[in-house]
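Peer 1: My structure file final.cif, mmCIF, C-alpha atoms, is below:
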```cif
data_structure
#
loop_
_atom_site.label_atom_id
_atom_site.label_comp_id
_atom_site.auth_asym_id
_atom_site.auth_seq_id
_atom_site.Cartn_x
_atom_site.Cartn_y
_atom_site.Cartn_z
CA MET V 1 -13.01 17.46 -11.44
CA LYS V 2 -14.79 14.95 -9.25
CA LEU V 3 -12.90 12.53 -7.01
CA ALA V 4 -14.65 9.57 -5.39
CA VAL V 5 -12.88 8.09 -2.37
CA LEU V 6 -13.96 4.53 -1.54
CA GLY V 7 -13.23 3.76 2.07
CA GLY V 8 -13.89 7.44 2.70
CA GLY V 9 -14.34 6.93 6.43
CA GLY V 10 -10.82 5.55 6.69
CA PHE V 11 -8.22 7.09 8.93
CA ARG V 12 -5.80 8.10 6.15
CA VAL V 13 -8.33 10.06 4.05
CA PRO V 14 -7.33 13.45 5.56
CA LEU V 15 -3.84 12.95 4.10
CA VAL V 16 -5.34 12.87 0.61
CA TYR V 17 -7.60 15.84 1.31
CA GLY V 18 -4.68 17.85 2.66
CA ALA V 19 -2.77 17.19 -0.57
CA LEU V 20 -5.77 18.37 -2.60
CA LEU V 21 -5.93 21.58 -0.58
CA ARG V 22 -2.28 22.30 -1.38
CA ASP V 23 -2.80 21.74 -5.10
CA THR V 24 -3.57 25.07 -6.77
CA ALA V 25 -2.91 24.17 -10.42
CA ARG V 26 -5.82 24.00 -12.87
CA PRO V 27 -7.89 22.05 -13.49
CA ARG V 28 -8.08 20.82 -9.92
CA VAL V 29 -10.38 18.54 -7.97
CA ASP V 30 -13.29 20.69 -6.82
CA GLU V 31 -15.66 17.94 -5.66
CA VAL V 32 -14.82 15.06 -3.31
CA VAL V 33 -17.34 12.36 -2.47
CA LEU V 34 -16.45 10.05 0.39
CA HIS V 35 -18.05 6.62 0.33
CA ASP V 36 -18.02 4.13 3.18
CA VAL V 37 -20.23 1.38 4.56
CA SER V 38 -20.08 3.11 7.96
CA ALA V 39 -22.00 6.38 8.28
CA GLU V 40 -20.42 6.94 11.71
CA ARG V 41 -16.89 6.80 10.34
CA LEU V 42 -17.86 9.08 7.48
CA GLU V 43 -19.18 11.63 9.95
CA ALA V 44 -15.96 11.54 11.98
CA ILE V 45 -13.71 12.01 8.95
CA GLY V 46 -16.06 14.72 7.70
CA HIS V 47 -15.36 16.69 10.88
CA VAL V 48 -11.60 16.30 10.37
CA LEU V 49 -11.78 17.51 6.76
CA GLU V 50 -13.94 20.50 7.68
CA GLN V 51 -11.41 21.61 10.29
CA LEU V 52 -8.49 20.85 7.97
CA ALA V 53 -9.99 23.05 5.26
CA GLY V 54 -10.44 26.10 7.48
CA ASP V 55 -11.66 28.92 5.26
CA GLU V 56 -11.05 26.94 2.05
CA ARG V 57 -14.43 26.31 0.43
CA GLU V 58 -13.52 25.68 -3.20
CA ILE V 59 -13.45 21.91 -2.76
CA LYS V 60 -16.93 20.64 -1.97
CA VAL V 61 -17.04 17.51 0.19
CA HIS V 62 -19.99 15.13 0.30
CA THR V 63 -20.45 11.80 2.05
CA THR V 64 -22.60 8.83 1.10
CA THR V 65 -23.09 5.16 1.83
CA ASP V 66 -24.44 4.56 -1.70
CA LEU V 67 -21.72 3.37 -4.06
CA ASP V 68 -23.27 4.47 -7.35
CA THR V 69 -23.93 7.96 -5.97
CA ALA V 70 -20.25 8.25 -5.06
CA LEU V 71 -19.04 6.96 -8.42
CA GLY V 72 -21.41 8.67 -10.83
CA GLY V 73 -19.56 11.14 -13.05
CA ALA V 74 -16.23 10.71 -11.25
CA ASP V 75 -13.03 11.65 -13.08
CA PHE V 76 -10.89 9.80 -10.56
CA VAL V 77 -11.67 7.03 -8.08
CA PHE V 78 -9.43 6.29 -5.11
CA SER V 79 -10.03 2.77 -3.85
CA ALA V 80 -8.94 2.46 -0.22
CA ILE V 81 -11.29 -0.14 1.19
CA ARG V 82 -10.62 -2.61 3.99
CA VAL V 83 -12.90 -5.62 3.74
CA GLY V 84 -13.41 -7.03 7.22
CA GLY V 85 -11.99 -3.94 8.91
CA LEU V 86 -9.17 -4.09 11.41
CA ALA V 87 -10.79 -7.11 13.04
CA GLY V 88 -10.14 -8.96 9.78
CA ARG V 89 -6.55 -7.74 9.76
CA THR V 90 -6.07 -9.05 13.28
CA ALA V 91 -7.36 -12.45 12.18
CA ASP V 92 -4.96 -12.35 9.20
CA GLU V 93 -2.13 -11.90 11.66
CA ARG V 94 -3.18 -14.22 14.46
CA VAL V 95 -4.13 -17.32 12.44
CA ALA V 96 -0.68 -17.38 10.86
CA LEU V 97 1.16 -16.64 14.09
CA GLU V 98 -0.65 -19.46 15.87
CA LEU V 99 0.86 -21.81 13.28
CA GLY V 100 4.33 -20.34 13.73
CA LEU V 101 4.21 -18.36 10.47
CA LEU V 102 4.46 -14.69 9.64
CA GLY V 103 1.31 -12.75 10.45
CA GLN V 104 1.37 -9.57 8.35
CA GLU V 105 -1.21 -7.59 6.41
CA THR V 106 0.16 -7.91 2.88
CA THR V 107 3.02 -10.41 3.06
CA GLY V 108 2.73 -14.17 3.35
CA PRO V 109 -0.41 -16.00 4.49
CA GLY V 110 -1.98 -12.85 5.96
CA GLY V 111 -1.79 -11.14 2.59
CA ILE V 112 -3.36 -14.14 0.87
CA ALA V 113 -6.23 -14.24 3.38
CA TYR V 114 -6.76 -10.51 2.92
CA GLY V 115 -6.76 -10.94 -0.86
CA LEU V 116 -9.19 -13.87 -0.79
CA ARG V 117 -11.89 -11.78 0.87
CA THR V 118 -11.07 -8.49 -0.86
CA VAL V 119 -10.81 -9.56 -4.51
CA PRO V 120 -14.55 -10.31 -4.95
CA VAL V 121 -15.50 -6.94 -3.44
CA ALA V 122 -12.92 -5.07 -5.53
CA VAL V 123 -14.15 -6.71 -8.73
CA ARG V 124 -17.76 -5.79 -7.92
CA VAL V 125 -16.61 -2.20 -7.37
CA ALA V 126 -14.82 -2.30 -10.73
CA GLU V 127 -18.04 -3.47 -12.39
CA ARG V 128 -19.95 -0.51 -10.93
CA ILE V 129 -17.24 1.88 -12.09
CA ALA V 130 -17.53 0.42 -15.58
CA ALA V 131 -21.29 1.02 -15.44
CA VAL V 132 -21.49 4.56 -14.01
CA ALA V 133 -18.02 6.12 -14.48
CA PRO V 134 -16.45 4.31 -17.43
CA ASP V 135 -13.98 7.12 -18.21
CA ALA V 136 -12.62 7.41 -14.66
CA TRP V 137 -9.05 6.57 -13.72
CA VAL V 138 -8.94 4.25 -10.72
CA ILE V 139 -6.02 4.75 -8.32
CA ASN V 140 -5.84 1.74 -6.06
CA PHE V 141 -4.56 2.00 -2.47
CA THR V 142 -6.38 -1.13 -1.32
CA ASN V 143 -4.03 -3.85 -0.09
CA PRO V 144 -2.62 -6.20 -1.17
CA ALA V 145 -2.14 -3.43 -3.75
CA GLY V 146 -0.60 -5.38 -6.63
CA MET V 147 -3.07 -8.25 -6.32
CA ILE V 148 -6.13 -6.02 -6.07
CA THR V 149 -4.97 -3.83 -8.96
CA GLU V 150 -4.56 -6.94 -11.10
CA ALA V 151 -8.04 -8.21 -10.16
CA MET V 152 -9.69 -4.85 -10.97
CA GLN V 153 -7.85 -4.68 -14.30
CA SER V 154 -9.74 -7.81 -15.36
CA VAL V 155 -12.78 -5.51 -15.61
CA LEU V 156 -11.38 -2.04 -16.29
CA GLY V 157 -8.11 -2.75 -18.07
CA GLU V 158 -5.19 -0.38 -17.77
CA ARG V 159 -7.28 2.48 -16.34
CA VAL V 160 -6.60 0.91 -12.94
CA VAL V 161 -3.20 1.73 -11.46
CA GLY V 162 -1.85 0.85 -8.02
CA ILE V 163 0.35 3.09 -5.91
CA CYS V 164 2.62 2.59 -2.91
CA ASP V 165 4.93 4.95 -1.06
CA SER V 166 7.60 2.39 -0.10
CA PRO V 167 9.63 2.63 -3.36
CA ILE V 168 9.68 6.43 -3.50
CA GLY V 169 10.67 6.53 0.16
CA LEU V 170 13.59 4.20 -0.54
CA ILE V 171 14.74 6.31 -3.48
CA ARG V 172 14.35 9.55 -1.57
CA ARG V 173 16.42 8.24 1.34
CA SER V 174 19.10 6.78 -0.94
CA ALA V 175 19.56 10.03 -2.87
CA ALA V 176 19.60 12.14 0.31
CA ALA V 177 22.25 9.87 1.86
CA LEU V 178 24.55 10.84 -1.00
CA GLY V 179 23.65 14.52 -0.75
CA LEU V 180 21.69 14.41 -4.02
CA ASP V 181 18.34 15.93 -4.95
CA PRO V 182 15.87 13.01 -5.17
CA ALA V 183 14.12 14.79 -8.06
CA ARG V 184 17.30 14.55 -10.17
CA VAL V 185 18.02 10.83 -9.89
CA SER V 186 16.65 8.01 -12.03
CA PRO V 187 15.99 4.72 -10.23
CA ASP V 188 16.41 1.21 -11.56
CA TYR V 189 13.67 -0.27 -9.37
CA VAL V 190 11.77 -3.44 -10.26
CA GLY V 191 9.58 -6.07 -8.63
CA LEU V 192 6.08 -6.52 -7.26
CA ASN V 193 4.26 -4.45 -4.67
CA HIS V 194 6.14 -4.89 -1.35
CA LEU V 195 8.66 -7.10 -3.18
CA GLY V 196 11.09 -4.97 -5.16
CA TRP V 197 14.73 -3.92 -5.30
CA LEU V 198 16.58 -0.70 -6.08
CA ARG V 199 19.30 -2.07 -8.37
CA GLY V 200 20.71 1.22 -9.59
CA LEU V 201 20.46 4.97 -9.09
CA SER V 202 21.54 7.16 -12.00
CA TYR V 203 22.74 10.72 -11.52
CA GLN V 204 24.13 12.78 -14.40
CA GLY V 205 24.56 9.66 -16.48
CA ARG V 206 26.31 7.41 -13.97
CA ASP V 207 25.13 4.84 -11.45
CA VAL V 208 25.84 6.11 -7.93
CA LEU V 209 24.33 3.13 -6.08
CA PRO V 210 27.73 1.33 -5.80
CA GLU V 211 29.09 4.43 -4.04
CA LEU V 212 26.23 4.31 -1.57
CA LEU V 213 26.65 0.58 -0.91
CA ALA V 214 30.36 1.06 -0.25
CA ASP V 215 29.90 3.92 2.23
CA ASP V 216 29.10 2.84 5.82
CA GLN V 217 28.22 6.37 6.93
CA ALA V 218 25.91 6.96 3.99
CA LEU V 219 24.15 3.62 4.49
CA GLU V 220 23.50 4.54 8.10
CA ARG V 221 21.18 7.25 6.78
CA VAL V 222 19.09 4.77 4.77
CA GLU V 223 16.34 3.05 6.75
CA GLU V 224 16.42 -0.04 4.52
CA ALA V 225 20.16 -0.52 5.01
CA ARG V 226 19.66 -0.38 8.77
CA LEU V 227 16.86 -2.95 8.48
CA PHE V 228 18.89 -5.45 6.45
CA GLY V 229 22.44 -4.65 7.51
CA ASN V 230 25.29 -3.39 5.36
CA GLU V 231 26.72 -6.84 4.73
CA TRP V 232 23.48 -8.20 3.29
CA VAL V 233 22.69 -5.24 0.99
CA ARG V 234 26.26 -5.44 -0.33
CA THR V 235 25.82 -9.17 -0.90
CA LEU V 236 22.64 -8.46 -2.87
CA GLY V 237 24.20 -5.52 -4.70
CA ALA V 238 20.86 -3.76 -4.27
CA LEU V 239 18.68 -2.08 -1.67
CA PRO V 240 15.51 -4.12 -1.02
CA ASN V 241 12.06 -2.73 -0.34
CA GLU V 242 11.54 -2.69 3.43
CA TYR V 243 8.91 -5.46 3.21
CA LEU V 244 11.53 -7.92 2.01
CA HIS V 245 12.68 -8.01 5.63
CA TYR V 246 9.85 -10.50 6.15
CA TYR V 247 11.45 -12.83 3.58
CA TYR V 248 15.15 -12.39 4.30
CA PHE V 249 14.67 -12.37 8.08
CA ALA V 250 11.50 -14.42 8.45
CA ARG V 251 12.41 -16.18 11.71
CA GLU V 252 13.50 -12.93 13.34
CA SER V 253 10.34 -11.16 12.16
CA ILE V 254 8.07 -13.86 13.57
CA ALA V 255 9.95 -13.85 16.88
CA SER V 256 9.70 -10.07 17.11
CA ILE V 257 5.97 -10.00 16.36
CA THR V 258 5.14 -12.84 18.75
CA GLY V 259 7.24 -11.16 21.43
CA ARG V 260 4.93 -8.16 21.47
CA ASP V 261 1.70 -7.91 23.43
CA LEU V 262 -0.22 -6.70 20.38
CA THR V 263 0.05 -7.29 16.66
CA ARG V 264 0.11 -4.28 14.34
CA GLY V 265 -3.59 -4.79 13.56
CA GLU V 266 -4.53 -4.98 17.23
CA SER V 267 -2.54 -1.84 17.98
CA LEU V 268 -4.16 0.10 15.14
CA GLU V 269 -7.60 -1.16 16.13
CA ARG V 270 -7.14 0.24 19.64
CA GLN V 271 -5.75 3.54 18.31
CA GLN V 272 -8.55 4.01 15.85
CA ASP V 273 -11.29 2.98 18.27
CA ARG V 274 -10.02 5.69 20.61
CA PHE V 275 -9.92 8.21 17.76
CA TYR V 276 -13.44 7.58 16.44
CA THR V 277 -14.86 7.50 19.98
CA ALA V 278 -13.11 10.77 20.86
CA VAL V 279 -14.45 12.48 17.73
CA ARG V 280 -17.96 11.24 18.37
CA GLU V 281 -17.83 12.67 21.90
CA ARG V 282 -16.01 15.92 21.03
CA PRO V 283 -16.33 16.64 17.31
CA GLU V 284 -14.81 20.10 17.75
CA ARG V 285 -11.47 18.38 18.51
CA ALA V 286 -11.57 16.07 15.48
CA LEU V 287 -8.48 17.45 13.75
CA ALA V 288 -6.39 17.55 16.92
CA GLU V 289 -7.35 13.96 17.75
CA TRP V 290 -6.53 12.86 14.22
CA GLU V 291 -3.11 14.54 14.23
CA GLN V 292 -2.15 12.97 17.56
CA THR V 293 -3.27 9.51 16.46
CA ARG V 294 -1.47 9.89 13.15
CA ARG V 295 1.82 10.66 14.90
CA GLU V 296 1.46 7.55 17.04
CA ARG V 297 0.59 5.44 13.99
CA ASP V 298 3.48 6.67 11.86
CA ALA V 299 6.06 6.31 14.62
CA SER V 300 5.13 2.64 15.15
CA TYR V 301 5.16 1.65 11.46
CA MET V 302 7.06 -1.66 10.98
CA ALA V 303 8.33 -1.36 14.55
CA GLU V 304 8.85 -5.14 14.73
CA ALA V 305 11.57 -4.90 12.07
CA ARG V 306 13.45 -1.85 13.35
CA THR V 307 15.94 -1.66 16.18
CA GLY V 308 15.56 2.05 16.93
CA GLU V 309 13.27 5.02 16.48
CA ARG V 310 12.01 5.89 13.03
CA ASP V 311 13.78 8.87 11.44
CA ALA V 312 11.95 12.17 11.78
CA SER V 313 12.65 12.85 8.09
CA ASP V 314 10.74 9.68 7.16
CA LEU V 315 7.72 10.91 9.08
CA GLU V 316 7.85 14.38 7.56
CA ALA V 317 8.42 13.46 3.94
CA GLY V 318 4.84 12.46 3.15
CA GLY V 319 3.65 9.33 1.41
CA TYR V 320 1.13 7.94 -1.00
CA GLU V 321 -1.04 11.07 -1.02
CA GLY V 322 1.74 12.95 -2.81
CA ILE V 323 2.10 10.14 -5.34
CA ALA V 324 -1.65 10.18 -5.96
CA LEU V 325 -1.64 13.95 -6.49
CA SER V 326 1.30 13.78 -8.92
CA LEU V 327 -0.40 10.96 -10.80
CA MET V 328 -3.66 12.90 -11.14
CA GLY V 329 -1.78 16.02 -12.22
CA ALA V 330 0.07 14.12 -14.92
CA LEU V 331 -3.10 12.48 -16.25
CA ALA V 332 -5.48 15.44 -16.00
CA ARG V 333 -3.16 18.37 -16.76
CA GLY V 334 -0.56 16.75 -18.95
CA GLU V 335 2.23 17.40 -16.44
CA PRO V 336 4.77 14.73 -17.47
CA SER V 337 6.11 12.70 -14.60
CA THR V 338 8.12 9.55 -14.05
CA MET V 339 7.01 7.51 -11.06
CA ILE V 340 6.99 3.97 -9.76
CA LEU V 341 3.55 2.44 -10.15
CA ASN V 342 1.75 -0.90 -10.09
CA VAL V 343 0.82 -1.49 -13.74
CA ARG V 344 0.26 -4.26 -16.26
CA ASN V 345 3.61 -5.75 -17.19
CA GLY V 346 3.39 -6.20 -20.94
CA SER V 347 7.01 -6.86 -21.86
CA ALA V 348 8.59 -4.54 -19.27
CA VAL V 349 9.82 -7.24 -16.87
CA PRO V 350 11.12 -10.37 -18.64
CA GLY V 351 10.03 -13.62 -17.03
CA VAL V 352 6.73 -12.26 -15.65
CA PRO V 353 3.37 -12.82 -17.46
CA ALA V 354 2.29 -9.96 -19.72
CA ASP V 355 -1.04 -9.46 -17.93
CA ALA V 356 0.49 -9.59 -14.44
CA VAL V 357 0.80 -6.38 -12.41
CA VAL V 358 4.36 -5.37 -11.56
CA GLU V 359 5.84 -2.37 -9.70
CA ILE V 360 8.19 -0.44 -11.98
CA PRO V 361 9.04 3.07 -13.21
CA CYS V 362 6.50 4.53 -15.64
CA VAL V 363 6.17 7.72 -17.66
CA VAL V 364 2.81 9.40 -17.08
CA THR V 365 1.37 12.08 -19.38
CA GLY V 366 -2.05 13.31 -20.40
CA SER V 367 -2.13 10.43 -22.87
CA GLY V 368 -1.82 7.77 -20.18
CA ILE V 369 0.74 5.58 -18.43
CA LYS V 370 3.69 3.95 -20.21
CA PRO V 371 5.72 1.31 -18.31
CA LEU V 372 9.45 1.55 -18.87
CA ALA V 373 11.38 -1.55 -19.90
CA THR V 374 13.70 -2.99 -17.28
CA SER V 375 16.82 -5.09 -17.57
CA PRO V 376 16.24 -8.77 -16.69
CA LEU V 377 16.17 -9.74 -13.05
CA ASP V 378 18.84 -12.23 -12.10
CA GLY V 379 17.82 -15.54 -10.57
CA ARG V 380 17.99 -14.59 -6.90
CA PHE V 381 15.38 -11.88 -7.52
CA LEU V 382 13.36 -13.35 -10.40
CA GLY V 383 12.68 -16.67 -8.67
CA LEU V 384 11.10 -14.95 -5.69
CA VAL V 385 9.05 -12.62 -7.93
CA GLN V 386 7.74 -15.54 -9.97
CA GLN V 387 6.84 -17.61 -6.91
CA VAL V 388 4.99 -14.79 -5.16
CA LYS V 389 3.22 -13.78 -8.38
CA ALA V 390 2.05 -17.39 -8.82
CA ALA V 391 0.58 -17.30 -5.31
CA GLU V 392 -1.11 -13.96 -6.04
CA ARG V 393 -2.68 -15.19 -9.25
CA ALA V 394 -3.91 -18.38 -7.56
CA THR V 395 -5.46 -16.15 -4.86
CA ILE V 396 -7.32 -14.09 -7.46
CA GLU V 397 -8.63 -17.16 -9.27
CA ALA V 398 -9.67 -18.83 -6.02
CA ALA V 399 -11.50 -15.72 -4.82
CA LEU V 400 -13.42 -15.33 -8.10
CA THR V 401 -14.34 -19.00 -8.44
CA GLY V 402 -14.90 -19.88 -4.77
CA SER V 403 -12.58 -22.88 -5.17
CA PRO V 404 -11.22 -24.22 -1.85
CA ARG V 405 -8.64 -26.25 -3.80
CA LEU V 406 -7.20 -23.11 -5.39
CA ALA V 407 -7.31 -21.24 -2.10
CA VAL V 408 -5.19 -23.94 -0.46
CA ALA V 409 -2.88 -23.84 -3.47
CA ALA V 410 -2.44 -20.07 -3.06
CA PHE V 411 -1.21 -20.58 0.50
CA ALA V 412 0.94 -23.59 -0.41
CA LEU V 413 2.66 -21.80 -3.30
CA HIS V 414 3.80 -18.91 -1.15
CA PRO V 415 7.47 -19.12 -0.10
CA LEU V 416 6.63 -18.18 3.51
CA VAL V 417 4.34 -21.21 3.95
CA ASP V 418 6.30 -24.36 4.71
CA SER V 419 4.01 -27.23 3.66
CA VAL V 420 0.79 -28.14 1.92
CA GLY V 421 -0.53 -29.46 5.23
CA THR V 422 0.10 -26.09 6.82
CA ALA V 423 -1.65 -24.41 3.88
CA ARG V 424 -4.78 -26.48 4.60
CA LEU V 425 -4.64 -25.51 8.28
CA LEU V 426 -4.30 -21.84 7.32
CA PHE V 427 -7.30 -21.98 5.00
CA ASP V 428 -9.46 -23.72 7.62
CA GLY V 429 -8.30 -21.31 10.32
CA TYR V 430 -9.05 -18.20 8.28
CA ARG V 431 -12.40 -19.52 7.14
CA ALA V 432 -13.36 -20.19 10.77
CA ARG V 433 -12.30 -16.70 11.94
CA ILE V 434 -13.40 -14.44 9.07
CA PRO V 435 -17.12 -14.48 8.16
CA SER V 436 -16.66 -12.93 4.70
CA LEU V 437 -14.12 -15.63 3.83
CA ALA V 438 -16.49 -18.33 5.01
CA ALA V 439 -19.17 -16.80 2.76
CA THR V 440 -16.85 -16.90 -0.26
CA PHE V 441 -15.81 -20.51 0.47
CA PRO V 442 -18.83 -22.21 2.09
CA GLY V 443 -18.83 -25.78 3.27
#
```
Please, can you express the file's structure as structure tokens?

Peer 2:
Amino acid sequence: MKLAVLGGGGFRVPLVYGALLRDTARPRVDEVVLHDVSAERLEAIGHVLEQLAGDEREIKVHTTTDLDTALGGADFVFSAIRVGGLAGRTADERVALELGLLGQETTGPGGIAYGLRTVPVAVRVAERIAAVAPDAWVINFTNPAGMITEAMQSVLGERVVGICDSPIGLIRRSAAALGLDPARVSPDYVGLNHLGWLRGLSYQGRDVLPELLADDQALERVEEARLFGNEWVRTLGALPNEYLHYYYFARESIASITGRDLTRGESLERQQDRFYTAVRERPERALAEWEQTRRERDASYMAEARTGERDASDLEAGGYEGIALSLMGALARGEPSTMILNVRNGSAVPGVPADAVVEIPCVVTGSGIKPLATSPLDGRFLGLVQQVKAAERATIEAALTGSPRLAVAAFALHPLVDSVGTARLLFDGYRARIPSLAATFPG
């Protein structure tokens, strides 16, 4: 099988390749084509993959800067692009922070700005996939994942699915805190990407989440409970996705981010500049440089929201690469699996449009992906989901039409933006700082 990786010069690509190397079931991916706009980054990641493979030569790896060459004949496409690079991410963060708002890659105004410049590119990619690899499954890692998946589905339909490792991490930690095997629990998880709640956790026919919420010692072992505090998760009666910290503790999040010398984007930009420079100068040390930089990156993930060090078990458990591998195995080999994915809603989540992308449990087989129905969200959850989804859909429409009015509306509709006037300042600020956004919204 052929796998095309878009954004193939990206830092996280070796995680995916490592998962492919560990997969010995048949049929397996035996050809990987990395595509990127930067030949230099492709060369650096190529060195890492070569050293990661060692004597393994069954998986052939190619690199290209030509999109159609990468896509042609692909069985699977991983989309992991970053339009504007880390410089764009830094602008996403800084423009919002300068206005006293949350500056974050996927949440709030930063996520809208990222979506406005990424949606047109993602849709053009989807059009090329439709032309040269119409039977491929597209697994979207590109952020904001739910929004970009929804935009690509406008071209490719339900053969585009988004993945994220935050929900499975939450479920894994919750089960382990109760001494249970994560593979033997069934989660009641529902929401949008980076905006969901674990409302129940079934084990042998009973919901064990109330036991977890009532146990101080068990909650101490769950990263999300430490983020939000035991009192608040008990008030909610659910464990929120870690990204909801930016909603429930917005003031504290902004204060923490502005109190640091560097934003997350600026920190990653420095880390990755050092990595790519080091590999260019000493390609024989590419894997060692990558592993060291990865440890630094993982340890600092969401540092502005945590009060202590990240658990070693969180760093060792793996992430989205495992989800991607399980998803491919289920689709290509008929290995049935239940996993939380970003898919078209249909009637699964009452109160959310049928064609909107939601993040919910799904059954995956060789026949495709089937979303599982969920019980209705109560008002304290549903209202936030509906408001954020409205902002996402306005972002998609604005990006595809080039409408400044809709772009301002996307910012104004988001619950983390406090006025229409501020929304206009955000739009003007992002357009002034990000060339690709200025090109989409000229004048």

Peer 1: Applied to this file, what does the PyMOL selection byres ((chain V and resi 331) around 8) return in terms of residues, put as a list of chain:residue names?

Peer 2: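 When the PyMOL selection byres ((chain V and resi 331) around 8) is applied, the selected residues are V:Leu327, V:Met328, V:Gly329, V:Ala330, V:Ala332, V:Arg333, V:Gly334, V:Glu335, V:Val364, V:Thr365, V:Gly366, V:Ser367, V:Gly368.
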
Peer 1: Would you save the residues of that selection, restricted to C-alpha atoms, as a PDB file, in the coordinates of the input?

Peer 2:
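File written: selection_36.pdb
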```pdb
ATOM      1  CA  LEU V 327      -0.400  10.960 -10.800  1.00  0.00           C
ATOM      2  CA  MET V 328      -3.660  12.900 -11.140  1.00  0.00           C
ATOM      3  CA  GLY V 329      -1.780  16.020 -12.220  1.00  0.00           C
ATOM      4  CA  ALA V 330       0.070  14.120 -14.920  1.00  0.00           C
ATOM      5  CA  ALA V 332      -5.480  15.440 -16.000  1.00  0.00           C
ATOM      6  CA  ARG V 333      -3.160  18.370 -16.760  1.00  0.00           C
ATOM      7  CA  GLY V 334      -0.560  16.750 -18.950  1.00  0.00           C
ATOM      8  CA  GLU V 335       2.230  17.400 -16.440  1.00  0.00           C
ATOM      9  CA  VAL V 364       2.810   9.400 -17.080  1.00  0.00           C
ATOM     10  CA  THR V 365       1.370  12.080 -19.380  1.00  0.00           C
ATOM     11  CA  GLY V 366      -2.050  13.310 -20.400  1.00  0.00           C
ATOM     12  CA  SER V 367      -2.130  10.430 -22.870  1.00  0.00           C
ATOM     13  CA  GLY V 368      -1.820   7.770 -20.180  1.00  0.00           C
TER      14      GLY V 368
END
```

Peer 1: Mind checking which residues fall within 8 Å of V:Asp355, counting all atoms listed in the file, ignoring those fewer than 6 positions away in the same chain, and posting them as a PyMOL selection string?

Peer 2: chain V and resi 344-346

Peer 1: Write a file of the just-selected residues containing C-alpha atoms, as a PDB file, keeping the file's coordinate frame.

Peer 2:
```
ATOM      1  CA  ARG V 344       0.260  -4.260 -16.260  1.00  0.00           C
ATOM      2  CA  ASN V 345       3.610  -5.750 -17.190  1.00  0.00           C
ATOM      3  CA  GLY V 346       3.390  -6.200 -20.940  1.00  0.00           C
TER       4      GLY V 346
END
```

Peer 1: Starting from the PyMOL selection byres ((chain V and resi 272) around 10), expand the selection into actual residues of this file and give them as a PyMOL selection string.

Peer 2: chain V and resi 10-11+86+266-271+273-278+290+293-294+297

Peer 1: When the PyMOL selection byres ((chain V and resi 325) around 12) is applied to the structure above, which residues does it catch, written out as an MDAnalysis selection string?

Peer 2: chainID V and resid 3 15:25 28:29 76 78 139 163 318:324 326:333 335 337 339

Peer 1: I want to know what sits within 12 Å of stretch 378-382 of chain V, based on only C-alpha atoms, with residues of the same chain fewer than 2 positions away left out; could you give that as a VMD selection string?

Peer 2: chain V and resid 189 to 192 195 to 199 235 to 240 244 247 to 248 349 to 352 374 to 376 384 to 389

Peer 1: Which one is closest to V:Gly169: V:Glu224, V:Glu211, V:Glu291, V:Glu58? Count only C-alpha atoms.

Peer 2: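 So, comparing all the options, the nearest one is V:Glu224.
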
Peer 1: To one decimal place in Å, what is the distance between atom CA of V:Asp36 and atom CA of V:Gly7?

Peer 2: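 So the two atoms, atom CA of V:Asp36 and atom CA of V:Gly7, lie 4.9 Å apart.
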
Peer 1: Using Å and a single decimal, report how far atom CA of V:Ile171 sits from atom CA of V:Asp215.

Peer 2: 16.4 Å

Peer 1: In Å, how far is it from atom CA of V:Val279 to atom CA of V:Ser38?

Peer 2: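 Value for the atom CA of V:Val279-atom CA of V:Ser38 distance: 14.7 Å.
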
Peer 1: From the list V:Pro336, V:Gly115, V:Pro144, V:Pro109, which residue is nearest V:Gly162 when using only C-alpha atoms?

Peer 2: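 So, comparing all the options, the nearest one is V:Pro144.
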
Peer 1: Calculated over all atoms listed in the file, which of the candidates V:Leu377, V:Leu101, V:Ala70, V:Ala356 has the smallest distance to V:Glu150?

Peer 2: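 Selected residue with least distance to V:Glu150: V:Ala356.
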
Peer 1: Between V:Gly103, V:Gly9, V:Gly73, V:Pro442, which one has atoms that come closest to V:Ala130, using only C-alpha atoms?

Peer 2: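 Nearest candidate to V:Ala130 out of V:Gly103, V:Gly9, V:Gly73, V:Pro442: V:Gly73.
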
Peer 1: If we count all atoms listed in the file, what is near stretch 432-441 of chain V at a cut-off of 6 Å, once residues fewer than 3 positions away on the same chain are taken out, given as a list in words?

Peer 2: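 The residues satisfying every condition are Arg117, Gly402 and Gly429 of chain V.
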
Peer 1: Could those selected residues go to a file with C-alpha atoms, as a PDB file, in the coordinates of the input?

Peer 2:
```pdb
ATOM      1  CA  ARG V 117     -11.890 -11.780   0.870  1.00  0.00           C
ATOM      2  CA  GLY V 402     -14.900 -19.880  -4.770  1.00  0.00           C
ATOM      3  CA  GLY V 429      -8.300 -21.310  10.320  1.00  0.00           C
TER       4      GLY V 429
END
```

Peer 1: Could you check which of V:Gly84, V:Thr401, V:Val357, V:Ala288 is closest to V:Gln153, using all atoms listed in the file?

Peer 2: V:Val357

Peer 1: Please identify all polymer residues within 10 Å of V:Ala218, counting all atoms listed in the file, omitting same-chain residues fewer than 5 positions from it, and present them as a list of chain:residue names.

Peer 2: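 Here the answer would be V:Arg173, V:Ser174, V:Ala175, V:Ala176, V:Ala177, V:Leu178, V:Gly179, V:Glu211, V:Leu212, V:Leu213, V:Ala225.
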
Peer 1: Using only C-alpha atoms, which residue out of V:Leu116, V:Ser166, V:Val48, V:Ala145 lies closest to V:Ala407?

Peer 2: V:Leu116

Peer 1: Find the spatial neighbours of V:Ala348, counting all atoms listed in the file, within a cut-off of 7 Å - ignore same-chain residues fewer than 4 positions away - and output them as a list of chain:residue names.

Peer 2: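 Neighbouring residues, sequence-local ones excluded: V:Pro371, V:Leu372, V:Ala373, V:Thr374.
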